[in-house]
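Novice: Next up is a structure, given as structure tokens.
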Number of protein chains: 2
Amino acid sequence: MAREGQGPAWTDPNCPVARTVDLVGDRWSLLIIRDAMDGARSFTDFQQRTGIARNILTERLRKLTAHGLLTQVDAPSGRRRLYALTEAGKDLFPVVVTLRQWGERHAFEAGETHSVLVDGDGARVPDLLPVAANGSPLTSDTTSVRRHA
Amino acid sequence: MAREGQGPAWTDPNCPVARTVDLVGDRWSLLIIRDAMDGARSFTDFQQRTGIARNILTERLRKLTAHGLLTQVDAPSGRRRLYALTEAGKDLFPVVVTLRQWGERHAFEAGETHSVLVDGDGARVPDLLPVAANGSPLTSDTTSVRRHA
DNA sequence: CCGACTGGTTTCATTTTGCAACTAATCGGG
DNA sequence: CCCGATTAGTTGCAAAATGAAACCAGTCGG
């Protein structure tokens with residue numbers, strides 16, 4: 001692994017975007033999180049849903065666990081180990097939702113079908129949009145990054 | 001490259017999350033997008049801000065351009081080529097914001113400082129939270145994915 | 001014409017990923 | 001109690017992605 005004893009080893013230590021990407025910005029982690037949010041619990045659940053190679057899955061589950069996004073819990077009956085999202089893991093929900101909504105808008109051709117996220121009433125979840133403190137919509141043009149708050 | 005002539009080659013063709021991750025879910029693409037949103041335009045802008053290897057940057061800029069997230073524009077004066085976000089690229093803003101906000105909440109120790117996203121008035125942008133059609137807050141426990149809408 | 005700068009490309013070493021086969025522990029019957 | 005299936009990995013190896021560094025061509029300012 002890395003990032004242990006001393007050095008941060010972050011790609012860009014004081015940018016929150018970069019730190020998050022360091023933790024979940026690879027080809028599989030976010031799909032594992034997505035499946036966990038959709039009810040996946042066991043090693044084979046994740047393996048079958050994502051199609052990830054087993055050794056890589058092992059490594060990702062360990063990494064996500066090590067960074068506090070997943071925990072291992074003992075199954076109620078039997079001795080199989082199951083994985084569950086921690087609070088930090090569940091808190092990635094807005095990230096997964098915005099990724100999904102962007103994909104729905106831009107990664108499908110006109111006629112293609114795709115899965116849809118719905119609330120408890122079966123209604124489609126509305127698009128998430130950043131707003132200012134006063135409620136007006138924001139874009140990258142109307143915001144800026146202030147270094148080192 | 002790949003994903004051209006015929007075969008989809010998507011990791012999970014009918015999941016919008018997976019398609020988005022296929023396009024921008026690598027170590028660098030989202031940081032390039034982040035920097036573009038923060039004003040980066042030229043090859044060396046991106047290279048210096050991210051620290052990415054030059055050959056990889058070349059490849060990423062081409063990939064993002066090929067998929068319609070960036071465009072190349074000729075500079076007003078001189079003949080340098082510049083990159084700008086397309087509408088689809090700008091539309092990743094909510095993704096970058098949620099990644100940033102998650103990082104702020106979970107990827108920093110108590111005392112650490114980090115950059116902050118502010119609106120035109122200099123006020124911190126409020127946390128983005130998925131809500132149902134009726135306005136009530138949503139989590140992964142109160143939503144579900146309906147296959148193939 | 002000179003030297004610096006920009007936007008790459010090329011080469012090569014290192015890492016990461018993926019596949020497939022193998023293993024160890026449990027589980028469900030019969 | 002033994003058999004075969006299932007689960008959760010591990011191991012070895014090949015293929016692909018990444019990174020560092022050197023190289024190169026076309027401006028640009030003087």
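Letters A, B, ... go to the chains of the structure tokens in the order shown; residues in each chain start at 1; ligands are counted from 1 in the same order.
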So which bits of range 25-137 of chain A end up alpha helix (DSSP H) when you DSSP the backbone, as a PyMOL selection string?
Specialist: chain A and resi 29-37+43-50+54-66+87-90+93-106
Novice: Output C-alpha atoms of each residue in that selection to a file, as a PDB file, in the first residue's frame.
Specialist:
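New file again_37.pdb:
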ATOM      1  CA  SER A  29     -14.323   2.048  -6.079  1.00  0.00           C
ATOM      2  CA  LEU A  30     -17.331   4.146  -6.973  1.00  0.00           C
ATOM      3  CA  LEU A  31     -19.062   1.167  -8.554  1.00  0.00           C
ATOM      4  CA  ILE A  32     -18.475  -0.812  -5.377  1.00  0.00           C
ATOM      5  CA  ILE A  33     -19.975   2.059  -3.381  1.00  0.00           C
ATOM      6  CA  ARG A  34     -22.879   2.253  -5.819  1.00  0.00           C
ATOM      7  CA  ASP A  35     -23.590  -1.451  -5.385  1.00  0.00           C
ATOM      8  CA  ALA A  36     -23.272  -1.221  -1.617  1.00  0.00           C
ATOM      9  CA  MET A  37     -25.898   1.525  -1.714  1.00  0.00           C
ATOM     10  CA  PHE A  43     -17.689 -10.500  -1.746  1.00  0.00           C
ATOM     11  CA  THR A  44     -19.505 -12.360  -4.494  1.00  0.00           C
ATOM     12  CA  ASP A  45     -22.316  -9.813  -4.586  1.00  0.00           C
ATOM     13  CA  PHE A  46     -19.779  -7.178  -5.474  1.00  0.00           C
ATOM     14  CA  GLN A  47     -17.859  -9.429  -7.807  1.00  0.00           C
ATOM     15  CA  GLN A  48     -20.910 -10.440  -9.805  1.00  0.00           C
ATOM     16  CA  ARG A  49     -22.473  -7.010 -10.001  1.00  0.00           C
ATOM     17  CA  THR A  50     -19.339  -5.169 -11.062  1.00  0.00           C
ATOM     18  CA  ARG A  54     -11.351 -11.024  -7.704  1.00  0.00           C
ATOM     19  CA  ASN A  55      -7.863  -9.998  -6.622  1.00  0.00           C
ATOM     20  CA  ILE A  56      -8.597  -6.364  -7.421  1.00  0.00           C
ATOM     21  CA  LEU A  57     -11.882  -6.576  -5.553  1.00  0.00           C
ATOM     22  CA  THR A  58     -10.037  -7.902  -2.515  1.00  0.00           C
ATOM     23  CA  GLU A  59      -7.662  -4.990  -2.696  1.00  0.00           C
ATOM     24  CA  ARG A  60     -10.405  -2.369  -3.155  1.00  0.00           C
ATOM     25  CA  LEU A  61     -12.527  -3.702  -0.323  1.00  0.00           C
ATOM     26  CA  ARG A  62      -9.493  -3.525   1.920  1.00  0.00           C
ATOM     27  CA  LYS A  63      -8.610  -0.026   0.790  1.00  0.00           C
ATOM     28  CA  LEU A  64     -12.131   1.273   1.260  1.00  0.00           C
ATOM     29  CA  THR A  65     -12.290  -0.415   4.643  1.00  0.00           C
ATOM     30  CA  ALA A  66      -8.913   1.001   5.645  1.00  0.00           C
ATOM     31  CA  GLU A  87     -21.503   6.882   7.658  1.00  0.00           C
ATOM     32  CA  ALA A  88     -18.690   8.344   5.563  1.00  0.00           C
ATOM     33  CA  GLY A  89     -19.458   5.803   2.864  1.00  0.00           C
ATOM     34  CA  LYS A  90     -23.155   6.572   2.886  1.00  0.00           C
ATOM     35  CA  PHE A  93     -24.599   9.371  -1.903  1.00  0.00           C
ATOM     36  CA  PRO A  94     -24.685  12.892  -3.367  1.00  0.00           C
ATOM     37  CA  VAL A  95     -21.564  12.090  -5.397  1.00  0.00           C
ATOM     38  CA  VAL A  96     -23.104   8.940  -6.828  1.00  0.00           C
ATOM     39  CA  VAL A  97     -26.328  10.800  -7.574  1.00  0.00           C
ATOM     40  CA  THR A  98     -24.592  13.599  -9.459  1.00  0.00           C
ATOM     41  CA  LEU A  99     -22.499  11.092 -11.420  1.00  0.00           C
ATOM     42  CA  ARG A 100     -25.676   9.246 -12.307  1.00  0.00           C
ATOM     43  CA  GLN A 101     -27.513  12.366 -13.330  1.00  0.00           C
ATOM     44  CA  TRP A 102     -24.651  13.577 -15.487  1.00  0.00           C
ATOM     45  CA  GLY A 103     -24.539  10.182 -17.154  1.00  0.00           C
ATOM     46  CA  GLU A 104     -28.252  10.267 -17.825  1.00  0.00           C
ATOM     47  CA  ARG A 105     -27.919  13.665 -19.458  1.00  0.00           C
ATOM     48  CA  HIS A 106     -24.736  13.149 -21.450  1.00  0.00           C
TER      49      HIS A 106
END
Novice: As a short mmCIF file (atom, residue, chain, number, x, y, z; two decimals) with N, CA and C atoms, in the first residue's frame, please: chain A after a least-squares superposition onto chain B using all C-alpha atoms matched in order.
Specialist:
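After the write, part_24.cif holds the following:
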data_model
loop_
_atom_site.label_atom_id
_atom_site.label_comp_id
_atom_site.auth_asym_id
_atom_site.auth_seq_id
_atom_site.Cartn_x
_atom_site.Cartn_y
_atom_site.Cartn_z
N MET A 1 -6.78 3.57 -28.74
CA MET A 1 -7.98 3.88 -27.94
C MET A 1 -8.88 2.66 -27.94
N ALA A 2 -10.15 2.84 -28.00
CA ALA A 2 -11.10 1.71 -28.08
C ALA A 2 -12.48 2.34 -28.25
N ARG A 3 -13.52 1.59 -27.98
CA ARG A 3 -14.87 2.11 -28.05
C ARG A 3 -15.08 2.95 -29.31
N GLU A 4 -14.89 2.30 -30.48
CA GLU A 4 -15.08 3.04 -31.71
C GLU A 4 -16.14 2.37 -32.57
N GLY A 5 -15.65 1.82 -33.64
CA GLY A 5 -16.51 1.21 -34.64
C GLY A 5 -17.87 0.70 -34.17
N GLN A 6 -17.84 -0.36 -33.33
CA GLN A 6 -19.10 -1.01 -33.02
C GLN A 6 -19.42 -1.18 -31.54
N GLY A 7 -18.79 -2.15 -30.90
CA GLY A 7 -19.14 -2.52 -29.53
C GLY A 7 -19.10 -1.35 -28.57
N PRO A 8 -20.09 -1.31 -27.66
CA PRO A 8 -20.13 -0.23 -26.69
C PRO A 8 -18.86 -0.19 -25.85
N ALA A 9 -18.47 -1.36 -25.30
CA ALA A 9 -17.30 -1.43 -24.45
C ALA A 9 -17.49 -0.69 -23.14
N TRP A 10 -18.70 -0.37 -22.79
CA TRP A 10 -18.96 0.20 -21.48
C TRP A 10 -18.81 -0.87 -20.42
N THR A 11 -18.38 -0.46 -19.25
CA THR A 11 -18.25 -1.40 -18.15
C THR A 11 -19.62 -1.99 -17.80
N ASP A 12 -20.63 -1.13 -17.78
CA ASP A 12 -21.98 -1.56 -17.42
C ASP A 12 -22.93 -0.68 -18.22
N PRO A 13 -23.26 -1.12 -19.43
CA PRO A 13 -23.88 -0.25 -20.42
C PRO A 13 -25.15 0.48 -19.99
N ASN A 14 -25.97 -0.12 -19.12
CA ASN A 14 -27.19 0.62 -18.84
C ASN A 14 -27.22 1.31 -17.48
N CYS A 15 -26.05 1.41 -16.83
CA CYS A 15 -25.97 2.19 -15.60
C CYS A 15 -25.29 3.52 -15.86
N PRO A 16 -26.02 4.61 -15.65
CA PRO A 16 -25.47 5.94 -15.90
C PRO A 16 -24.25 6.25 -15.03
N VAL A 17 -24.24 5.73 -13.81
CA VAL A 17 -23.07 5.94 -12.94
C VAL A 17 -21.84 5.31 -13.59
N ALA A 18 -21.98 4.08 -14.05
CA ALA A 18 -20.86 3.37 -14.65
C ALA A 18 -20.38 4.06 -15.93
N ARG A 19 -21.31 4.56 -16.73
CA ARG A 19 -20.88 5.23 -17.95
C ARG A 19 -20.08 6.49 -17.63
N THR A 20 -20.55 7.23 -16.64
CA THR A 20 -19.83 8.45 -16.26
C THR A 20 -18.45 8.10 -15.73
N VAL A 21 -18.38 7.06 -14.90
CA VAL A 21 -17.09 6.62 -14.38
C VAL A 21 -16.18 6.17 -15.53
N ASP A 22 -16.75 5.52 -16.54
CA ASP A 22 -15.94 5.14 -17.69
C ASP A 22 -15.31 6.37 -18.36
N LEU A 23 -16.02 7.48 -18.36
CA LEU A 23 -15.51 8.67 -19.04
C LEU A 23 -14.56 9.51 -18.20
N VAL A 24 -14.87 9.68 -16.93
CA VAL A 24 -14.04 10.58 -16.11
C VAL A 24 -13.51 9.93 -14.84
N GLY A 25 -13.72 8.62 -14.69
CA GLY A 25 -13.35 7.96 -13.44
C GLY A 25 -11.94 7.44 -13.43
N ASP A 26 -10.99 8.25 -13.70
CA ASP A 26 -9.60 7.83 -13.56
C ASP A 26 -8.91 8.86 -12.67
N ARG A 27 -7.67 8.59 -12.40
CA ARG A 27 -6.92 9.42 -11.46
C ARG A 27 -6.82 10.90 -11.87
N TRP A 28 -6.95 11.25 -13.16
CA TRP A 28 -6.66 12.62 -13.58
C TRP A 28 -7.80 13.40 -14.20
N SER A 29 -8.70 12.75 -14.89
CA SER A 29 -9.71 13.50 -15.67
C SER A 29 -10.48 14.51 -14.83
N LEU A 30 -10.90 14.11 -13.65
CA LEU A 30 -11.70 15.03 -12.85
C LEU A 30 -10.86 16.20 -12.33
N LEU A 31 -9.56 15.98 -12.17
CA LEU A 31 -8.72 17.10 -11.74
C LEU A 31 -8.50 18.07 -12.91
N ILE A 32 -8.44 17.54 -14.10
CA ILE A 32 -8.35 18.39 -15.29
C ILE A 32 -9.62 19.23 -15.41
N ILE A 33 -10.76 18.58 -15.23
CA ILE A 33 -12.04 19.30 -15.28
C ILE A 33 -12.10 20.36 -14.18
N ARG A 34 -11.68 19.98 -12.99
CA ARG A 34 -11.65 20.93 -11.87
C ARG A 34 -10.82 22.15 -12.23
N ASP A 35 -9.63 21.93 -12.81
CA ASP A 35 -8.77 23.06 -13.14
C ASP A 35 -9.34 23.88 -14.28
N ALA A 36 -9.99 23.22 -15.23
CA ALA A 36 -10.64 23.96 -16.31
C ALA A 36 -11.72 24.87 -15.73
N MET A 37 -12.45 24.37 -14.75
CA MET A 37 -13.48 25.19 -14.10
C MET A 37 -12.87 26.34 -13.32
N ASP A 38 -11.62 26.16 -12.95
CA ASP A 38 -10.94 27.20 -12.18
C ASP A 38 -10.10 28.10 -13.07
N GLY A 39 -10.26 27.97 -14.39
CA GLY A 39 -9.59 28.91 -15.29
C GLY A 39 -8.42 28.38 -16.09
N ALA A 40 -8.04 27.14 -15.94
CA ALA A 40 -6.94 26.59 -16.73
C ALA A 40 -7.35 26.47 -18.19
N ARG A 41 -6.45 26.82 -19.09
CA ARG A 41 -6.77 26.81 -20.52
C ARG A 41 -5.71 26.10 -21.35
N SER A 42 -4.45 26.28 -21.02
CA SER A 42 -3.39 25.76 -21.88
C SER A 42 -2.82 24.45 -21.34
N PHE A 43 -2.12 23.75 -22.21
CA PHE A 43 -1.46 22.50 -21.87
C PHE A 43 -0.63 22.65 -20.61
N THR A 44 0.19 23.68 -20.56
CA THR A 44 1.06 23.84 -19.40
C THR A 44 0.31 24.27 -18.15
N ASP A 45 -0.76 25.04 -18.32
CA ASP A 45 -1.64 25.31 -17.18
C ASP A 45 -2.02 24.00 -16.50
N PHE A 46 -2.56 23.10 -17.29
CA PHE A 46 -3.03 21.84 -16.73
C PHE A 46 -1.87 21.03 -16.16
N GLN A 47 -0.77 21.04 -16.89
CA GLN A 47 0.36 20.22 -16.45
C GLN A 47 0.88 20.71 -15.11
N GLN A 48 1.01 22.04 -14.98
CA GLN A 48 1.57 22.57 -13.74
C GLN A 48 0.60 22.46 -12.57
N ARG A 49 -0.67 22.67 -12.83
CA ARG A 49 -1.62 22.59 -11.71
C ARG A 49 -1.80 21.18 -11.19
N THR A 50 -1.86 20.21 -12.12
CA THR A 50 -2.12 18.84 -11.67
C THR A 50 -0.85 18.07 -11.35
N GLY A 51 0.25 18.40 -12.06
CA GLY A 51 1.46 17.63 -11.89
C GLY A 51 1.45 16.31 -12.65
N ILE A 52 0.49 16.16 -13.54
CA ILE A 52 0.37 14.95 -14.35
C ILE A 52 1.51 14.84 -15.35
N ALA A 53 1.90 13.62 -15.68
CA ALA A 53 2.93 13.41 -16.70
C ALA A 53 2.43 13.93 -18.04
N ARG A 54 3.35 14.50 -18.84
CA ARG A 54 2.94 15.20 -20.06
C ARG A 54 2.29 14.28 -21.08
N ASN A 55 2.82 13.07 -21.23
CA ASN A 55 2.23 12.16 -22.22
C ASN A 55 0.82 11.74 -21.79
N ILE A 56 0.62 11.56 -20.49
CA ILE A 56 -0.70 11.19 -20.01
C ILE A 56 -1.66 12.36 -20.17
N LEU A 57 -1.16 13.56 -19.92
CA LEU A 57 -2.00 14.74 -20.10
C LEU A 57 -2.48 14.84 -21.55
N THR A 58 -1.54 14.64 -22.47
CA THR A 58 -1.90 14.65 -23.89
C THR A 58 -3.04 13.68 -24.16
N GLU A 59 -2.89 12.49 -23.61
CA GLU A 59 -3.88 11.46 -23.86
C GLU A 59 -5.24 11.83 -23.24
N ARG A 60 -5.22 12.35 -22.01
CA ARG A 60 -6.47 12.71 -21.35
C ARG A 60 -7.18 13.87 -22.04
N LEU A 61 -6.41 14.86 -22.46
CA LEU A 61 -7.02 15.99 -23.15
C LEU A 61 -7.69 15.51 -24.43
N ARG A 62 -7.03 14.60 -25.11
CA ARG A 62 -7.63 14.05 -26.33
C ARG A 62 -8.88 13.24 -26.02
N LYS A 63 -8.82 12.44 -24.98
CA LYS A 63 -9.97 11.61 -24.64
C LYS A 63 -11.16 12.48 -24.24
N LEU A 64 -10.90 13.47 -23.41
CA LEU A 64 -11.99 14.34 -22.97
C LEU A 64 -12.55 15.14 -24.15
N THR A 65 -11.66 15.53 -25.05
CA THR A 65 -12.11 16.24 -26.24
C THR A 65 -12.94 15.30 -27.13
N ALA A 66 -12.45 14.10 -27.32
CA ALA A 66 -13.15 13.12 -28.15
C ALA A 66 -14.55 12.83 -27.61
N HIS A 67 -14.70 12.86 -26.30
CA HIS A 67 -16.00 12.55 -25.71
C HIS A 67 -16.84 13.79 -25.47
N GLY A 68 -16.37 14.93 -25.97
CA GLY A 68 -17.22 16.11 -25.93
C GLY A 68 -17.26 16.86 -24.61
N LEU A 69 -16.26 16.68 -23.76
CA LEU A 69 -16.22 17.45 -22.51
C LEU A 69 -15.36 18.69 -22.65
N LEU A 70 -14.41 18.63 -23.56
CA LEU A 70 -13.55 19.78 -23.84
C LEU A 70 -13.59 20.07 -25.34
N THR A 71 -13.28 21.32 -25.70
CA THR A 71 -13.03 21.65 -27.10
C THR A 71 -11.73 22.41 -27.19
N GLN A 72 -11.10 22.33 -28.37
CA GLN A 72 -9.92 23.13 -28.59
C GLN A 72 -10.34 24.40 -29.30
N VAL A 73 -9.87 25.51 -28.79
CA VAL A 73 -10.15 26.80 -29.45
C VAL A 73 -8.81 27.45 -29.76
N ASP A 74 -8.77 28.21 -30.87
CA ASP A 74 -7.54 28.91 -31.18
C ASP A 74 -7.47 30.16 -30.32
N ALA A 75 -6.29 30.40 -29.79
CA ALA A 75 -6.13 31.57 -28.92
C ALA A 75 -6.38 32.85 -29.72
N PRO A 76 -6.92 33.88 -29.06
CA PRO A 76 -7.20 35.17 -29.70
C PRO A 76 -5.97 35.69 -30.45
N SER A 77 -4.86 35.85 -29.76
CA SER A 77 -3.61 36.27 -30.40
C SER A 77 -2.66 35.10 -30.40
N GLY A 78 -1.83 35.02 -31.45
CA GLY A 78 -0.89 33.92 -31.52
C GLY A 78 -1.57 32.67 -32.02
N ARG A 79 -0.84 31.60 -32.07
CA ARG A 79 -1.41 30.39 -32.64
C ARG A 79 -1.42 29.23 -31.66
N ARG A 80 -1.36 29.51 -30.38
CA ARG A 80 -1.44 28.45 -29.39
C ARG A 80 -2.84 27.89 -29.31
N ARG A 81 -2.93 26.62 -29.07
CA ARG A 81 -4.24 25.99 -28.93
C ARG A 81 -4.63 26.00 -27.47
N LEU A 82 -5.86 26.36 -27.21
CA LEU A 82 -6.35 26.35 -25.85
C LEU A 82 -7.53 25.40 -25.72
N TYR A 83 -7.75 24.96 -24.52
CA TYR A 83 -8.86 24.04 -24.26
C TYR A 83 -9.92 24.76 -23.45
N ALA A 84 -11.17 24.48 -23.75
CA ALA A 84 -12.26 25.05 -22.96
C ALA A 84 -13.31 23.97 -22.71
N LEU A 85 -14.02 24.09 -21.61
CA LEU A 85 -15.09 23.16 -21.32
C LEU A 85 -16.25 23.35 -22.26
N THR A 86 -16.83 22.25 -22.72
CA THR A 86 -18.08 22.32 -23.47
C THR A 86 -19.22 22.45 -22.46
N GLU A 87 -20.44 22.53 -22.96
CA GLU A 87 -21.59 22.54 -22.05
C GLU A 87 -21.65 21.27 -21.22
N ALA A 88 -21.37 20.13 -21.88
CA ALA A 88 -21.36 18.86 -21.13
C ALA A 88 -20.28 18.89 -20.06
N GLY A 89 -19.13 19.46 -20.38
CA GLY A 89 -18.06 19.56 -19.40
C GLY A 89 -18.45 20.44 -18.23
N LYS A 90 -19.01 21.59 -18.53
CA LYS A 90 -19.45 22.49 -17.46
C LYS A 90 -20.50 21.84 -16.59
N ASP A 91 -21.26 20.97 -17.23
CA ASP A 91 -22.35 20.31 -16.50
C ASP A 91 -21.84 19.32 -15.45
N LEU A 92 -20.54 19.06 -15.45
CA LEU A 92 -19.97 18.22 -14.39
C LEU A 92 -19.80 19.01 -13.10
N PHE A 93 -20.12 20.28 -13.13
CA PHE A 93 -19.95 21.10 -11.93
C PHE A 93 -20.57 20.49 -10.67
N PRO A 94 -21.79 20.01 -10.72
CA PRO A 94 -22.35 19.39 -9.51
C PRO A 94 -21.54 18.18 -9.02
N VAL A 95 -20.95 17.43 -9.93
CA VAL A 95 -20.12 16.30 -9.54
C VAL A 95 -18.89 16.79 -8.79
N VAL A 96 -18.24 17.79 -9.34
CA VAL A 96 -17.03 18.31 -8.71
C VAL A 96 -17.37 18.91 -7.34
N VAL A 97 -18.51 19.58 -7.26
CA VAL A 97 -18.92 20.17 -5.99
C VAL A 97 -19.18 19.10 -4.93
N THR A 98 -19.88 18.05 -5.31
CA THR A 98 -20.14 17.00 -4.30
C THR A 98 -18.87 16.27 -3.89
N LEU A 99 -17.96 16.06 -4.85
CA LEU A 99 -16.67 15.46 -4.49
C LEU A 99 -15.93 16.35 -3.50
N ARG A 100 -15.93 17.64 -3.80
CA ARG A 100 -15.27 18.60 -2.91
C ARG A 100 -15.90 18.59 -1.52
N GLN A 101 -17.20 18.62 -1.48
CA GLN A 101 -17.86 18.69 -0.19
C GLN A 101 -17.67 17.42 0.63
N TRP A 102 -17.65 16.28 -0.05
CA TRP A 102 -17.37 15.04 0.68
C TRP A 102 -15.96 15.09 1.24
N GLY A 103 -15.01 15.54 0.41
CA GLY A 103 -13.64 15.64 0.86
C GLY A 103 -13.50 16.56 2.06
N GLU A 104 -14.18 17.67 2.03
CA GLU A 104 -14.11 18.60 3.15
C GLU A 104 -14.63 17.94 4.43
N ARG A 105 -15.67 17.15 4.29
CA ARG A 105 -16.25 16.51 5.48
C ARG A 105 -15.45 15.32 5.98
N HIS A 106 -14.83 14.57 5.06
CA HIS A 106 -14.27 13.27 5.48
C HIS A 106 -12.80 13.04 5.17
N ALA A 107 -12.15 13.90 4.42
CA ALA A 107 -10.76 13.59 4.04
C ALA A 107 -9.74 14.51 4.69
N PHE A 108 -10.17 15.26 5.70
CA PHE A 108 -9.23 16.12 6.41
C PHE A 108 -9.31 15.86 7.91
N GLU A 109 -8.15 15.93 8.53
CA GLU A 109 -8.11 15.83 9.99
C GLU A 109 -8.68 17.13 10.57
N ALA A 110 -8.94 17.08 11.85
CA ALA A 110 -9.57 18.22 12.53
C ALA A 110 -8.86 19.56 12.24
N GLY A 111 -7.56 19.61 12.44
CA GLY A 111 -6.88 20.89 12.35
C GLY A 111 -6.44 21.33 10.97
N GLU A 112 -6.57 20.43 9.96
CA GLU A 112 -6.04 20.74 8.64
C GLU A 112 -6.84 21.80 7.89
N THR A 113 -6.11 22.63 7.14
CA THR A 113 -6.79 23.64 6.33
C THR A 113 -6.92 23.12 4.90
N HIS A 114 -7.83 23.70 4.17
CA HIS A 114 -8.02 23.31 2.78
C HIS A 114 -8.70 24.46 2.05
N SER A 115 -8.66 24.39 0.71
CA SER A 115 -9.32 25.44 -0.07
C SER A 115 -10.84 25.31 0.08
N VAL A 116 -11.53 26.39 -0.17
CA VAL A 116 -12.98 26.42 0.02
C VAL A 116 -13.65 27.00 -1.23
N LEU A 117 -14.82 26.47 -1.58
CA LEU A 117 -15.57 26.98 -2.72
C LEU A 117 -16.54 28.06 -2.25
N VAL A 118 -16.44 29.21 -2.87
CA VAL A 118 -17.30 30.32 -2.44
C VAL A 118 -18.09 30.88 -3.63
N ASP A 119 -19.24 31.47 -3.34
CA ASP A 119 -20.04 32.08 -4.39
C ASP A 119 -19.56 33.51 -4.65
N GLY A 120 -20.29 34.24 -5.49
CA GLY A 120 -19.88 35.59 -5.86
C GLY A 120 -19.74 36.55 -4.69
N ASP A 121 -20.46 36.27 -3.64
CA ASP A 121 -20.38 37.13 -2.46
C ASP A 121 -19.30 36.68 -1.48
N GLY A 122 -18.58 35.63 -1.84
CA GLY A 122 -17.55 35.13 -0.93
C GLY A 122 -18.09 34.21 0.14
N ALA A 123 -19.37 33.86 0.04
CA ALA A 123 -19.95 32.96 1.04
C ALA A 123 -19.73 31.50 0.62
N ARG A 124 -19.49 30.64 1.59
CA ARG A 124 -19.25 29.23 1.32
C ARG A 124 -20.50 28.60 0.69
N VAL A 125 -20.28 27.79 -0.35
CA VAL A 125 -21.40 27.13 -1.03
C VAL A 125 -21.97 26.06 -0.11
N PRO A 126 -23.26 26.07 0.12
CA PRO A 126 -23.89 25.09 1.03
C PRO A 126 -23.80 23.66 0.49
N ASP A 127 -23.80 22.68 1.40
CA ASP A 127 -23.74 21.28 0.99
C ASP A 127 -24.91 20.90 0.10
N LEU A 128 -24.58 20.11 -0.90
CA LEU A 128 -25.58 19.65 -1.86
C LEU A 128 -26.19 18.35 -1.33
N LEU A 129 -27.50 18.29 -1.31
CA LEU A 129 -28.18 17.12 -0.76
C LEU A 129 -29.35 16.71 -1.65
N PRO A 130 -29.40 15.44 -2.03
CA PRO A 130 -30.51 14.98 -2.87
C PRO A 130 -31.84 15.10 -2.13
N VAL A 131 -32.83 15.58 -2.83
CA VAL A 131 -34.17 15.68 -2.24
C VAL A 131 -35.19 15.04 -3.17
N ALA A 132 -36.30 14.58 -2.59
CA ALA A 132 -37.37 13.99 -3.37
C ALA A 132 -38.16 15.10 -4.08
N ALA A 133 -39.05 14.66 -4.94
CA ALA A 133 -39.88 15.61 -5.68
C ALA A 133 -40.61 16.55 -4.72
N ASN A 134 -40.98 16.03 -3.55
CA ASN A 134 -41.71 16.86 -2.59
C ASN A 134 -40.78 17.64 -1.64
N GLY A 135 -39.48 17.58 -1.90
CA GLY A 135 -38.56 18.39 -1.11
C GLY A 135 -37.95 17.72 0.10
N SER A 136 -38.39 16.52 0.44
CA SER A 136 -37.81 15.85 1.62
C SER A 136 -36.44 15.25 1.27
N PRO A 137 -35.49 15.30 2.21
CA PRO A 137 -34.14 14.80 1.96
C PRO A 137 -34.11 13.30 1.67
N LEU A 138 -33.19 12.90 0.81
CA LEU A 138 -33.07 11.50 0.42
C LEU A 138 -31.71 10.93 0.76
N THR A 139 -31.66 9.64 1.06
CA THR A 139 -30.41 8.91 1.24
C THR A 139 -30.47 7.66 0.37
N SER A 140 -29.39 6.89 0.40
CA SER A 140 -29.39 5.65 -0.38
C SER A 140 -30.43 4.67 0.17
N ASP A 141 -30.85 4.86 1.42
CA ASP A 141 -31.84 3.96 2.00
C ASP A 141 -33.26 4.29 1.57
N THR A 142 -33.47 5.53 1.15
CA THR A 142 -34.83 5.93 0.80
C THR A 142 -35.00 6.10 -0.71
N THR A 143 -34.03 5.57 -1.47
CA THR A 143 -34.16 5.60 -2.93
C THR A 143 -33.89 4.20 -3.46
N SER A 144 -34.25 3.99 -4.69
CA SER A 144 -33.90 2.72 -5.32
C SER A 144 -33.71 2.92 -6.81
N VAL A 145 -33.03 1.96 -7.40
CA VAL A 145 -32.75 2.04 -8.82
C VAL A 145 -33.77 1.20 -9.56
N ARG A 146 -34.49 1.84 -10.46
CA ARG A 146 -35.43 1.08 -11.26
C ARG A 146 -34.77 0.74 -12.59
N ARG A 147 -34.64 -0.53 -12.86
CA ARG A 147 -33.95 -0.97 -14.07
C ARG A 147 -34.76 -0.59 -15.30
N HIS A 148 -34.04 -0.04 -16.26
CA HIS A 148 -34.59 0.02 -17.61
C HIS A 148 -35.91 0.79 -17.68
N ALA A 149 -35.87 2.06 -17.35
CA ALA A 149 -37.09 2.89 -17.34
C ALA A 149 -37.78 2.92 -18.69
#
Novice: Which chain C residues have any atom within 10 Å of an atom of chain B, and for each, what is the nearest pair of atoms with distance in Å to one decimal, counting only C-alpha atoms (C1' of nucleotides), rows sorted by chain and number, as a tab-separated table?
Specialist:
residue	atom	partner	partner_atom	distance
C:DT6	C1'	B:Thr44	CA	7.7
C:DG7	C1'	B:Phe43	CA	6.7
C:DG8	C1'	B:Thr58	CA	7.6
C:DT9	C1'	B:Asn55	CA	7.8
C:DT10	C1'	B:Asn55	CA	9.5
Novice: Just list the residues in range 6-83 of chain B DSSP gives strand (DSSP E or B) on the backbone, as a PyMOL selection string.
Specialist: chain B and resi 70-74+81-83
Novice: Just give me the gap between C1' of DG28 in chain C and C1' of DG4 in chain D in Å, one decimal is fine.
Specialist: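 We find that C1' of DG28 in chain C and C1' of DG4 in chain D lie 9.6 Å from each other.
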Novice: Find the residues of chain D in contact range of chain B, meaning any atom within 9 Å when counting only C-alpha atoms (C1' of nucleotides), and list them as an MDAnalysis selection string.
Specialist: chainID D and resid 18:20 27:28
Novice: One number please: C1' of DG3 in chain C to C1' of DG26 in chain D, in Å, one decimal.
Specialist: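 A separation of 14.2 Å between them.
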